[in-house]
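Here is the file target02.cif (mmCIF, C-alpha atoms).
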```cif
data_coords
loop_
_atom_site.label_atom_id
_atom_site.label_comp_id
_atom_site.auth_asym_id
_atom_site.auth_seq_id
_atom_site.Cartn_x
_atom_site.Cartn_y
_atom_site.Cartn_z
CA MET A 1 13.18 12.43 15.42
CA SER A 2 12.67 8.93 16.82
CA SER A 3 15.09 6.98 18.96
CA GLU A 4 14.34 3.35 19.46
CA GLU A 5 16.89 1.09 21.07
CA ASN A 6 20.00 2.44 19.38
CA ASN A 7 18.50 4.05 16.27
CA LEU A 8 18.55 7.74 15.45
CA ILE A 9 16.20 8.64 12.61
CA GLU A 10 15.88 12.26 11.56
CA ILE A 11 14.02 13.92 8.73
CA LEU A 12 15.40 17.41 8.59
CA GLU A 13 13.28 20.41 7.72
CA GLU A 14 14.12 22.71 4.83
CA GLY A 15 17.25 24.70 5.33
CA HIS A 16 18.78 22.30 7.83
CA LYS A 17 22.01 20.78 6.55
CA VAL A 18 23.05 17.25 7.34
CA ASP A 19 25.53 17.32 10.19
CA ILE A 20 27.37 14.08 9.47
CA ALA A 21 29.71 14.48 12.44
CA LYS A 22 26.68 14.36 14.75
CA TYR A 23 25.54 11.04 13.32
CA ILE A 24 28.99 9.48 13.33
CA ASP A 25 29.32 10.61 16.92
CA TYR A 26 25.96 9.02 17.74
CA VAL A 27 26.92 5.57 16.44
CA THR A 28 30.44 5.63 17.86
CA ALA A 29 30.90 3.25 20.78
CA PRO A 30 33.86 1.63 22.53
CA GLN A 31 32.69 -1.87 21.61
CA ALA A 32 32.21 -1.02 17.92
CA GLY A 33 35.39 -1.46 15.92
CA ALA A 34 33.79 -0.37 12.66
CA ILE A 35 31.69 2.58 11.52
CA ALA A 36 30.27 2.29 8.03
CA THR A 37 28.68 5.33 6.43
CA PHE A 38 26.92 6.33 3.23
CA SER A 39 26.37 9.89 2.11
CA GLY A 40 24.18 10.78 -0.90
CA THR A 41 25.00 14.10 -2.51
CA THR A 42 23.50 16.13 -5.34
CA ARG A 43 25.29 15.52 -8.63
CA ASP A 44 25.79 18.31 -11.17
CA THR A 45 24.54 16.52 -14.27
CA PHE A 46 21.99 13.93 -15.31
CA GLU A 47 21.99 12.58 -18.88
CA GLY A 48 23.78 15.63 -20.18
CA LYS A 49 21.52 18.14 -18.46
CA THR A 50 22.99 20.50 -15.89
CA VAL A 51 21.36 20.04 -12.52
CA MET A 52 20.93 23.18 -10.44
CA GLU A 53 19.47 21.58 -7.36
CA LEU A 54 17.33 18.77 -6.01
CA ARG A 55 14.20 19.52 -4.03
CA TYR A 56 12.95 16.96 -1.55
CA GLU A 57 9.60 16.42 0.14
CA ALA A 58 8.37 13.59 2.34
CA TYR A 59 5.33 12.00 3.93
CA VAL A 60 7.10 12.47 7.22
CA PRO A 61 5.16 10.24 9.67
CA MET A 62 5.11 7.30 7.25
CA ALA A 63 8.75 7.86 6.24
CA THR A 64 9.83 7.78 9.87
CA ARG A 65 7.77 4.65 10.45
CA TYR A 66 9.32 2.85 7.46
CA LEU A 67 12.83 3.95 8.38
CA SER A 68 12.29 2.43 11.84
CA SER A 69 11.08 -0.75 10.25
CA ILE A 70 14.07 -0.90 7.90
CA CYS A 71 16.39 -0.43 10.90
CA ALA A 72 14.65 -3.34 12.63
CA SER A 73 15.16 -5.48 9.51
CA ALA A 74 18.83 -4.56 9.41
CA ARG A 75 19.22 -5.57 13.03
CA SER A 76 17.60 -8.93 12.41
CA ASN A 77 19.98 -9.64 9.52
CA TRP A 78 23.29 -8.31 10.82
CA ASP A 79 25.05 -7.93 14.11
CA ILE A 80 25.18 -4.16 14.45
CA HIS A 81 25.36 -1.77 17.33
CA LYS A 82 23.89 1.64 16.47
CA ILE A 83 22.22 3.14 13.41
CA ALA A 84 21.77 6.76 12.37
CA VAL A 85 19.76 7.75 9.29
CA ALA A 86 19.12 11.35 8.28
CA HIS A 87 17.30 12.72 5.24
CA ARG A 88 17.13 16.36 4.36
CA LEU A 89 14.06 18.07 2.90
CA GLY A 90 13.75 21.13 0.71
CA ALA A 91 16.38 22.37 -1.71
CA VAL A 92 19.74 20.57 -1.73
CA PRO A 93 22.26 22.33 -4.00
CA VAL A 94 24.94 20.52 -5.99
CA GLY A 95 27.60 18.99 -3.79
CA GLU A 96 25.54 18.96 -0.60
CA THR A 97 24.35 15.89 1.27
CA SER A 98 20.69 14.91 1.17
CA VAL A 99 20.85 11.52 2.86
CA PHE A 100 23.25 10.08 5.39
CA VAL A 101 23.47 6.61 6.92
CA ALA A 102 25.88 5.54 9.66
CA VAL A 103 26.15 2.07 11.20
CA SER A 104 28.49 0.90 13.93
CA SER A 105 29.36 -2.72 14.49
CA VAL A 106 31.95 -4.88 16.16
CA HIS A 107 33.23 -6.15 12.81
CA ARG A 108 33.19 -4.31 9.50
CA GLY A 109 31.41 -6.96 7.41
CA ASP A 110 28.12 -6.55 9.25
CA GLY A 111 28.34 -2.76 9.29
CA LEU A 112 29.13 -2.39 5.59
CA ASP A 113 26.41 -4.83 4.55
CA ALA A 114 23.83 -3.27 6.84
CA CYS A 115 24.71 0.21 5.58
CA LYS A 116 24.16 -0.86 1.97
CA PHE A 117 20.89 -2.52 2.92
CA LEU A 118 19.64 0.60 4.69
CA ILE A 119 20.16 2.95 1.76
CA ASP A 120 18.88 0.38 -0.76
CA GLU A 121 15.70 -0.17 1.25
CA LEU A 122 15.23 3.55 1.82
CA LYS A 123 15.25 4.07 -1.94
CA ALA A 124 12.83 1.20 -2.45
CA SER A 125 10.15 1.99 0.10
CA VAL A 126 10.43 5.21 2.10
CA PRO A 127 7.94 7.87 0.93
CA ILE A 128 10.33 10.68 0.04
CA TRP A 129 10.39 12.41 -3.35
CA LYS A 130 12.90 14.52 -5.19
CA LYS A 131 12.51 16.94 -8.01
CA GLU A 132 15.49 17.56 -10.25
CA VAL A 133 15.75 21.20 -11.27
CA TYR A 134 17.56 22.19 -14.49
CA ALA A 135 18.06 25.63 -16.00
CA ASN A 136 15.20 25.01 -18.42
CA GLY A 137 12.90 22.60 -16.66
CA GLU A 138 12.28 20.23 -13.81
CA VAL A 139 11.20 16.65 -13.30
CA TRP A 140 10.09 14.38 -10.50
CA LYS A 141 12.53 11.49 -10.24
CA GLU A 142 11.58 7.84 -9.79
CA ASN A 143 13.77 5.29 -8.04
CA ALA A 144 14.33 2.12 -10.03
CA GLU A 145 14.39 0.27 -6.70
CA PHE A 146 10.80 1.35 -6.02
CA LEU A 147 9.58 0.43 -9.51
CA GLU A 148 11.11 -3.02 -9.11
CA LYS A 149 9.57 -3.44 -5.68
CA ARG A 150 6.21 -2.47 -7.11
CA LEU A 151 6.34 -5.54 -9.32
CA GLU A 152 6.24 -7.57 -6.08
CA LEU A 153 3.45 -5.42 -4.68
CA ALA A 154 1.51 -5.86 -7.89
CA GLU A 155 1.41 -9.61 -7.35
CA THR A 156 -0.74 -9.09 -4.28
CA ARG A 157 -3.01 -6.53 -5.89
CA GLY A 158 -5.81 -6.82 -8.42
CA SER A 159 -5.31 -7.54 -12.10
CA LEU A 160 -5.94 -3.87 -12.89
CA VAL A 161 -2.47 -3.06 -11.65
CA LYS A 162 -0.68 -5.99 -13.33
CA LYS A 163 -1.17 -4.75 -16.85
CA HIS A 164 0.88 -1.68 -16.10
CA VAL A 165 3.88 -3.53 -14.77
CA ALA A 166 4.03 -6.60 -16.98
CA GLY A 167 6.36 -6.77 -19.93
CA GLU A 168 9.88 -5.48 -20.30
CA HIS A 169 11.85 -3.89 -17.51
CA LYS A 170 10.27 -0.53 -16.86
CA ARG A 171 12.55 2.43 -16.35
CA SER A 172 9.76 4.80 -15.56
CA CYS A 173 6.00 4.94 -15.61
CA CYS A 174 3.22 7.24 -16.74
CA GLY A 175 4.99 8.13 -19.98
CA SER A 176 6.81 11.40 -20.41
CA LYS A 177 8.24 13.03 -17.36
CA VAL A 178 10.58 15.76 -18.50
CA ARG A 179 9.03 19.16 -18.66
CA VAL A 180 11.70 21.05 -20.52
CA GLN A 181 10.77 24.18 -22.44
CA GLU A 182 12.66 23.59 -25.69
CA ASP A 183 12.05 19.85 -25.79
CA GLU A 184 9.53 18.83 -28.41
CA ASP A 185 10.32 15.13 -28.07
CA HIS A 186 9.47 13.88 -24.63
CA THR A 187 11.87 11.43 -23.08
CA ASP A 188 11.28 8.84 -20.43
CA ILE A 189 13.78 9.16 -17.67
CA ALA A 190 14.00 7.44 -14.37
CA GLY A 191 16.58 6.17 -11.94
CA ASP A 192 18.44 8.81 -10.06
CA ASN A 193 21.40 11.10 -10.47
CA LYS A 194 23.11 10.06 -7.28
CA GLU A 195 26.10 7.88 -6.41
CA ASP B 1 -23.88 2.47 26.71
CA ILE B 2 -26.49 4.72 25.20
CA ASN B 3 -29.17 4.12 27.78
CA GLN B 4 -32.70 5.43 28.08
CA ARG B 5 -31.64 8.37 30.21
CA ASN B 6 -28.90 9.51 27.78
CA LEU B 7 -31.25 9.15 24.84
CA SER B 8 -33.98 11.25 26.50
CA THR B 9 -31.42 13.93 27.18
CA LEU B 10 -30.23 13.83 23.60
CA THR B 11 -33.74 13.97 22.13
CA LYS B 12 -34.63 16.89 24.37
CA GLN B 13 -31.40 18.69 23.46
CA HIS B 14 -32.18 18.39 19.79
CA HIS B 15 -35.93 19.05 20.16
CA LEU B 16 -37.01 15.67 18.85
CA THR B 17 -40.54 14.59 19.62
CA SER B 18 -41.02 11.11 18.19
CA TRP B 19 -38.15 8.71 18.18
CA PHE B 20 -37.00 5.36 16.88
CA VAL B 21 -34.09 3.55 18.42
CA SER B 22 -31.74 1.26 16.56
CA HIS B 23 -31.92 -2.29 17.85
CA ARG B 24 -28.16 -2.55 17.81
CA ARG B 25 -26.68 -2.19 21.26
CA ILE B 26 -23.17 -0.88 21.18
CA ALA B 27 -21.20 1.40 23.46
CA ILE B 28 -20.98 4.84 21.88
CA PRO B 29 -19.30 7.81 23.52
CA LEU B 30 -21.78 10.68 23.55
CA LYS B 31 -19.34 13.08 21.93
CA SER B 32 -19.39 11.03 18.74
CA THR B 33 -23.12 11.67 18.25
CA ARG B 34 -24.01 13.64 15.17
CA CYS B 35 -27.14 15.56 14.40
CA LEU B 36 -28.47 16.50 11.00
CA ARG B 37 -31.24 18.95 10.24
CA ARG B 38 -32.81 19.28 6.82
CA SER B 39 -35.96 21.40 6.54
CA ASN B 40 -38.49 19.57 8.70
CA LEU B 41 -36.34 16.56 9.46
CA THR B 42 -33.95 15.96 12.29
CA VAL B 43 -31.84 12.83 12.41
CA LEU B 44 -29.61 11.93 15.32
CA TRP B 45 -27.10 9.15 14.98
CA SER B 46 -23.84 7.86 16.31
CA GLY B 47 -21.38 5.77 14.34
CA SER B 48 -23.60 3.67 12.12
CA SER B 49 -26.48 3.49 14.60
CA LEU B 50 -29.57 5.58 14.08
CA LEU B 51 -30.68 6.85 17.46
CA ALA B 52 -33.67 9.03 16.84
CA MET B 53 -35.50 10.96 14.17
CA ASP B 54 -38.36 13.39 13.95
CA VAL B 55 -40.51 13.09 10.87
CA THR B 56 -43.42 15.26 9.86
CA GLY B 57 -45.56 14.01 7.03
CA GLN B 58 -45.57 10.96 4.79
CA ALA B 59 -43.51 12.58 2.05
CA ALA B 60 -40.83 13.27 4.58
CA LYS B 61 -40.40 9.56 5.34
CA LYS B 62 -38.94 8.88 1.89
CA GLU B 63 -36.50 11.68 2.36
CA VAL B 64 -35.44 10.30 5.71
CA SER B 65 -34.37 6.97 4.31
CA LYS B 66 -32.37 8.74 1.61
CA ILE B 67 -30.74 11.03 4.15
CA VAL B 68 -30.11 8.11 6.46
CA ASN B 69 -28.46 6.17 3.66
CA ASP B 70 -26.38 9.16 2.62
CA GLU B 71 -25.43 10.55 5.99
CA VAL B 72 -25.62 7.70 8.48
CA SER B 73 -23.72 5.38 6.18
CA SER B 74 -21.22 7.87 4.85
CA ILE B 75 -17.73 8.30 6.13
CA GLU B 76 -15.16 11.01 5.75
CA ILE B 77 -11.46 10.41 5.17
CA LYS B 78 -8.45 12.67 4.87
CA VAL B 79 -6.52 12.45 1.61
CA LEU B 80 -2.87 13.49 1.36
CA LEU B 81 -1.31 14.25 -2.02
CA PHE B 82 2.40 14.26 -2.70
CA ALA B 83 4.82 15.34 -5.41
CA ARG B 84 3.25 15.28 -8.88
CA ALA B 85 -0.18 14.35 -7.49
CA ARG B 86 -0.16 17.49 -5.37
CA GLU B 87 0.95 19.63 -8.30
CA LEU B 88 -1.90 18.30 -10.43
CA THR B 89 -4.61 19.01 -7.87
CA GLY B 90 -3.08 22.13 -6.39
CA VAL B 91 -3.78 20.97 -2.84
CA PRO B 92 -1.60 19.04 -0.38
CA ASP B 93 -4.60 17.50 1.38
CA LEU B 94 -8.37 17.38 1.33
CA LYS B 95 -11.37 15.77 3.02
CA LEU B 96 -13.28 13.15 1.05
CA LYS B 97 -16.78 11.94 1.82
CA MET B 98 -17.48 8.36 0.71
CA PRO B 99 -20.17 5.72 1.25
CA SER B 100 -19.41 3.48 4.19
CA GLY B 101 -17.56 0.37 3.07
CA SER B 102 -15.82 2.03 0.11
CA THR B 103 -12.56 0.61 -1.13
CA THR B 104 -9.39 2.63 -1.59
CA LYS B 105 -9.85 2.13 -5.33
CA LYS B 106 -13.30 3.76 -5.16
CA CYS B 107 -11.77 6.65 -3.25
CA MET B 108 -9.17 7.06 -5.97
CA ASP B 109 -11.90 6.92 -8.65
CA GLU B 110 -13.76 9.68 -6.81
CA LEU B 111 -10.59 11.79 -6.58
CA VAL B 112 -10.03 11.50 -10.33
CA ILE B 113 -13.63 12.60 -10.92
CA LYS B 114 -13.08 15.63 -8.70
CA TYR B 115 -9.61 16.33 -10.10
CA PRO B 116 -9.46 15.00 -13.68
CA LYS B 117 -5.80 16.05 -13.99
CA LEU B 118 -4.96 13.21 -11.60
CA GLU B 119 -5.54 10.86 -14.52
CA GLU B 120 -1.94 11.58 -15.55
CA VAL B 121 -0.58 9.70 -12.52
CA ARG B 122 -3.49 7.32 -11.90
CA SER B 123 -1.66 4.20 -13.05
CA CYS B 124 1.62 5.28 -11.43
CA VAL B 125 0.62 5.89 -7.87
CA VAL B 126 0.48 3.52 -4.96
CA LEU B 127 -1.79 4.16 -2.02
CA ALA B 128 -1.10 4.19 1.69
CA LEU B 129 -3.78 3.87 4.34
CA ASN B 130 -2.90 5.18 7.80
CA GLU B 131 0.80 5.24 6.95
CA GLU B 132 0.99 1.71 5.53
CA TYR B 133 1.08 0.73 1.86
CA THR B 134 -2.27 -0.72 0.95
CA THR B 135 -4.15 -2.47 -1.85
CA ASP B 136 -6.95 -1.30 -4.13
CA SER B 137 -9.43 -3.49 -2.30
CA ALA B 138 -8.77 -2.26 1.26
CA ILE B 139 -11.86 -0.78 2.93
CA VAL B 140 -11.58 2.76 4.28
CA LYS B 141 -13.07 3.71 7.63
CA HIS B 142 -14.24 7.06 9.02
CA ARG B 143 -11.28 9.37 9.70
CA ASP B 144 -8.76 7.18 7.87
CA GLU B 145 -5.82 8.86 6.21
CA LEU B 146 -5.30 7.92 2.55
CA ALA B 147 -2.06 9.02 0.90
CA ILE B 148 -1.59 9.24 -2.87
CA ILE B 149 2.01 8.19 -3.46
CA PRO B 150 3.65 8.72 -6.85
CA PRO B 151 6.85 6.74 -7.55
CA ILE B 152 9.26 7.63 -4.76
CA SER B 153 12.73 9.02 -5.12
CA GLY B 154 14.35 9.38 -1.73
CA GLY B 155 18.07 9.16 -1.22
#
```
Show the structure stored in the file as structure tokens.
Amino acid sequence: MSSEENNLIEILEEGHKVDIAKYIDYVTAPQAGAIATFSGTTRDTFEGKTVMELRYEAYVPMATRYLSSICASARSNWDIHKIAVAHRLGAVPVGETSVFVAVSSVHRGDGLDACKFLIDELKASVPIWKKEVYANGEVWKENAEFLEKRLELAETRGSLVKKHVAGEHKRSCCGSKVRVQEDEDHTDIAGDNKE
Amino acid sequence: DINQRNLSTLTKQHHLTSWFVSHRRIAIPLKSTRCLRRSNLTVLWSGSSLLAMDVTGQAAKKEVSKIVNDEVSSIEIKVLLFARARELTGVPDLKLKMPSGSTTKKCMDELVIKYPKLEEVRSCVVLALNEEYTTDSAIVKHRDELAIIPPISGG
């Protein structure tokens, strides 16, 4: 957990559910007329496959660091009061919350925009991974936001990296991802099964 | 400072008889001194400075320069592996010994040699050095933490 200024950032260990009331309570303040929140929950299907659960892991110290940095960016762009961001690790069954963002602000425009920014940036840069588990297989997901951001990163790196990201819009990388027992034809899948 | 008195103490502690002192003068905490013994050779160094060595015989001198190049100028980093990268190697972290001045790319090359299965994600992963995203050309230092980061999927 790290609290800086008015930020509450928590990466919750396996088995710990997201207590959204706690985070809403944290950002609530008399001067804030608006509380904007986002909750990401596990969906039951992805591209026709039945999802049993999502399993999350994280590079915790770096994830916390980047979440702090994203909060600082949000503050520099919008007039907001308090921020709470929580991400759960381990197994998250269908219907349960894995990520929660709450932002309080005087006026709703800033809060809503900052909230969207926070979850978008989290998906683009915070080192957290999820594995989608089906009845007959499992696959590591890849956020489209990260793959797009990598195109920017590639500009500053050597030419060795560029050849992998040039060309048409990439939905995933490293070829086949789905390890499904009956599947003979491998499919490229990416994006996420949330929202 | 490693002064004459400290060095005499060190050489006595490690039973060195003849010694050669690096001309570089830098402040080195004593606890960071390392000692290496190989058959009839003893080499004592700190950081990248050679403090003292005991050599017996001409043939041994060649070995010393090889050992000095290998050991004095080698660094050790911690490597963290996540998600698919961890599944492919079977380990969440490991220690990697590299020549001083190695790039992160060279470290990755070495990892793929040690764990050929990593080739599957080689072109996918990004690297982070001490909790910050980094480039292929960044230079790793002793005790750095290098993370192998497959495409992320938080949220």
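Residues matching the PyMOL selection byres ((chain A) within 7 of (chain B)) in this structure come to Gly40, Met62, Ser98, Val99, Leu122, Lys123, Val126, Pro127, Ile128, Trp129, Lys130, Lys141, Glu142, Asn143, Phe146, Arg157, Cys173 and Cys174 of chain A.
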Name the residues that the PyMOL selection byres ((chain A and resi 9-26) around 8) pulls out of this structure, and write them as a PyMOL selection string.
chain A and resi 1-3+7-8+27-28+35+60+64+67-68+82+84-91+97-100+102
Computed interatomic separation between atom CA of Ile80 of chain A and atom CA of Ala29 of chain A (Å)
11.3 Å
Show which residues sit within 6 Å of segment 93-103 of chain B, as a list in words. Count all atoms listed in the file, and ignore same-chain residues fewer than 2 positions away.
Ser73, Ser74, Ile75, Glu76, Ile77, Lys78, Val79, Leu80, Leu81, Val91, Lys105, Lys106, Ser137, Ala138, Ile139 and Val140 of chain B
Spell out the residues picked by the PyMOL selection byres ((chain A and resi 77) around 12) here, as a CSV table (one decimal) with C-alpha atoms, keeping the file's coordinate frame.
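Result saved to part_8.csv:
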```
chain,number,residue,atom,x,y,z
A,70,ILE,CA,14.1,-0.9,7.9
A,71,CYS,CA,16.4,-0.4,10.9
A,72,ALA,CA,14.6,-3.3,12.6
A,73,SER,CA,15.2,-5.5,9.5
A,74,ALA,CA,18.8,-4.6,9.4
A,75,ARG,CA,19.2,-5.6,13.0
A,76,SER,CA,17.6,-8.9,12.4
A,78,TRP,CA,23.3,-8.3,10.8
A,79,ASP,CA,25.0,-7.9,14.1
A,80,ILE,CA,25.2,-4.2,14.4
A,109,GLY,CA,31.4,-7.0,7.4
A,110,ASP,CA,28.1,-6.6,9.2
A,111,GLY,CA,28.3,-2.8,9.3
A,113,ASP,CA,26.4,-4.8,4.6
A,114,ALA,CA,23.8,-3.3,6.8
A,115,CYS,CA,24.7,0.2,5.6
A,117,PHE,CA,20.9,-2.5,2.9
A,118,LEU,CA,19.6,0.6,4.7
```
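Atom to atom, atom CA of Tyr56 of chain A and atom CA of Val92 of chain A stand 7.7 Å apart.
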Restricting the calculation to all atoms listed in the file: of A:Lys131, A:Val103, A:Arg150, A:Asn136, which residue gets closest to Phe38 of chain A?
A:Val103
Can you tell me, as lines of an AutoDock Vina configuration file, the centre and edge lengths (Å, one decimal) of the axis-aligned box enclosing all of segment 95-109 of chain B's listed atoms after padding each side by 3 Å?
```
center_x = -14.7
center_y = 8.1
center_z = -2.2
size_x = 17.0
size_y = 21.4
size_z = 18.8
```
One decimal place gives the atom CA of Ser69 of chain A-atom CA of Ile83 of chain A separation as 12.2 Å
I'd like to know which of A:Tyr134, A:His81, A:Glu5, A:Pro61 is closest to Pro30 of chain A, using only C-alpha atoms.
A:His81
If I only have part of segment 71-80 of chain A, can you fill in all heavy atoms and write it as a compact mmCIF listing (two decimals), in the frame of the given file?
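Result saved to selection.txt:
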```
# COMPACT_ATOMS: atom_id res chain seq x y z
N CYS A 71 15.34 -0.26 9.88
CA CYS A 71 16.39 -0.43 10.90
C CYS A 71 16.19 -1.76 11.62
O CYS A 71 17.16 -2.49 11.88
CB CYS A 71 16.37 0.72 11.91
SG CYS A 71 17.00 2.27 11.23
N ALA A 72 14.95 -2.07 11.95
CA ALA A 72 14.65 -3.34 12.63
C ALA A 72 15.04 -4.52 11.75
O ALA A 72 15.60 -5.51 12.22
CB ALA A 72 13.17 -3.40 13.00
N SER A 73 14.77 -4.41 10.45
CA SER A 73 15.16 -5.48 9.51
C SER A 73 16.67 -5.64 9.48
O SER A 73 17.19 -6.76 9.48
CB SER A 73 14.71 -5.15 8.09
OG SER A 73 13.33 -5.24 7.97
N ALA A 74 17.36 -4.51 9.45
CA ALA A 74 18.83 -4.56 9.41
C ALA A 74 19.36 -5.28 10.65
O ALA A 74 20.26 -6.11 10.58
CB ALA A 74 19.41 -3.15 9.31
N ARG A 75 18.77 -4.95 11.78
CA ARG A 75 19.22 -5.57 13.03
C ARG A 75 18.97 -7.08 13.05
O ARG A 75 19.74 -7.83 13.63
CB ARG A 75 18.51 -4.95 14.24
CG ARG A 75 19.04 -3.59 14.56
CD ARG A 75 18.46 -3.03 15.83
NE ARG A 75 18.92 -1.65 15.99
CZ ARG A 75 20.15 -1.32 16.42
NH1 ARG A 75 21.00 -2.26 16.74
NH2 ARG A 75 20.50 -0.06 16.51
N SER A 76 17.89 -7.50 12.40
CA SER A 76 17.60 -8.93 12.41
C SER A 76 18.51 -9.70 11.45
O SER A 76 18.66 -10.91 11.55
CB SER A 76 16.13 -9.19 12.09
OG SER A 76 15.88 -8.84 10.76
N ASN A 77 19.12 -8.97 10.50
CA ASN A 77 19.98 -9.64 9.52
C ASN A 77 21.47 -9.55 9.84
O ASN A 77 22.26 -10.38 9.39
CB ASN A 77 19.75 -9.04 8.13
CG ASN A 77 18.41 -9.45 7.55
OD1 ASN A 77 17.96 -10.56 7.76
ND2 ASN A 77 17.77 -8.54 6.84
N TRP A 78 21.86 -8.49 10.54
CA TRP A 78 23.29 -8.31 10.82
C TRP A 78 23.50 -7.95 12.28
O TRP A 78 22.60 -7.43 12.95
CB TRP A 78 23.85 -7.19 9.94
CG TRP A 78 23.85 -7.56 8.49
CD1 TRP A 78 24.76 -8.36 7.84
CD2 TRP A 78 22.91 -7.16 7.51
NE1 TRP A 78 24.43 -8.47 6.51
CE2 TRP A 78 23.30 -7.75 6.29
CE3 TRP A 78 21.77 -6.36 7.53
CZ2 TRP A 78 22.59 -7.58 5.09
CZ3 TRP A 78 21.05 -6.17 6.36
CH2 TRP A 78 21.49 -6.79 5.15
N ASP A 79 24.71 -8.23 12.72
CA ASP A 79 25.05 -7.93 14.11
C ASP A 79 25.60 -6.51 14.14
O ASP A 79 26.78 -6.27 13.86
CB ASP A 79 26.11 -8.93 14.60
CG ASP A 79 26.47 -8.71 16.06
OD1 ASP A 79 25.68 -8.05 16.77
OD2 ASP A 79 27.54 -9.20 16.49
N ILE A 80 24.74 -5.55 14.45
CA ILE A 80 25.18 -4.16 14.45
C ILE A 80 24.83 -3.50 15.77
O ILE A 80 23.96 -3.96 16.51
CB ILE A 80 24.54 -3.37 13.28
CG1 ILE A 80 23.02 -3.52 13.27
CG2 ILE A 80 25.13 -3.86 11.96
CD1 ILE A 80 22.36 -2.89 12.05
```
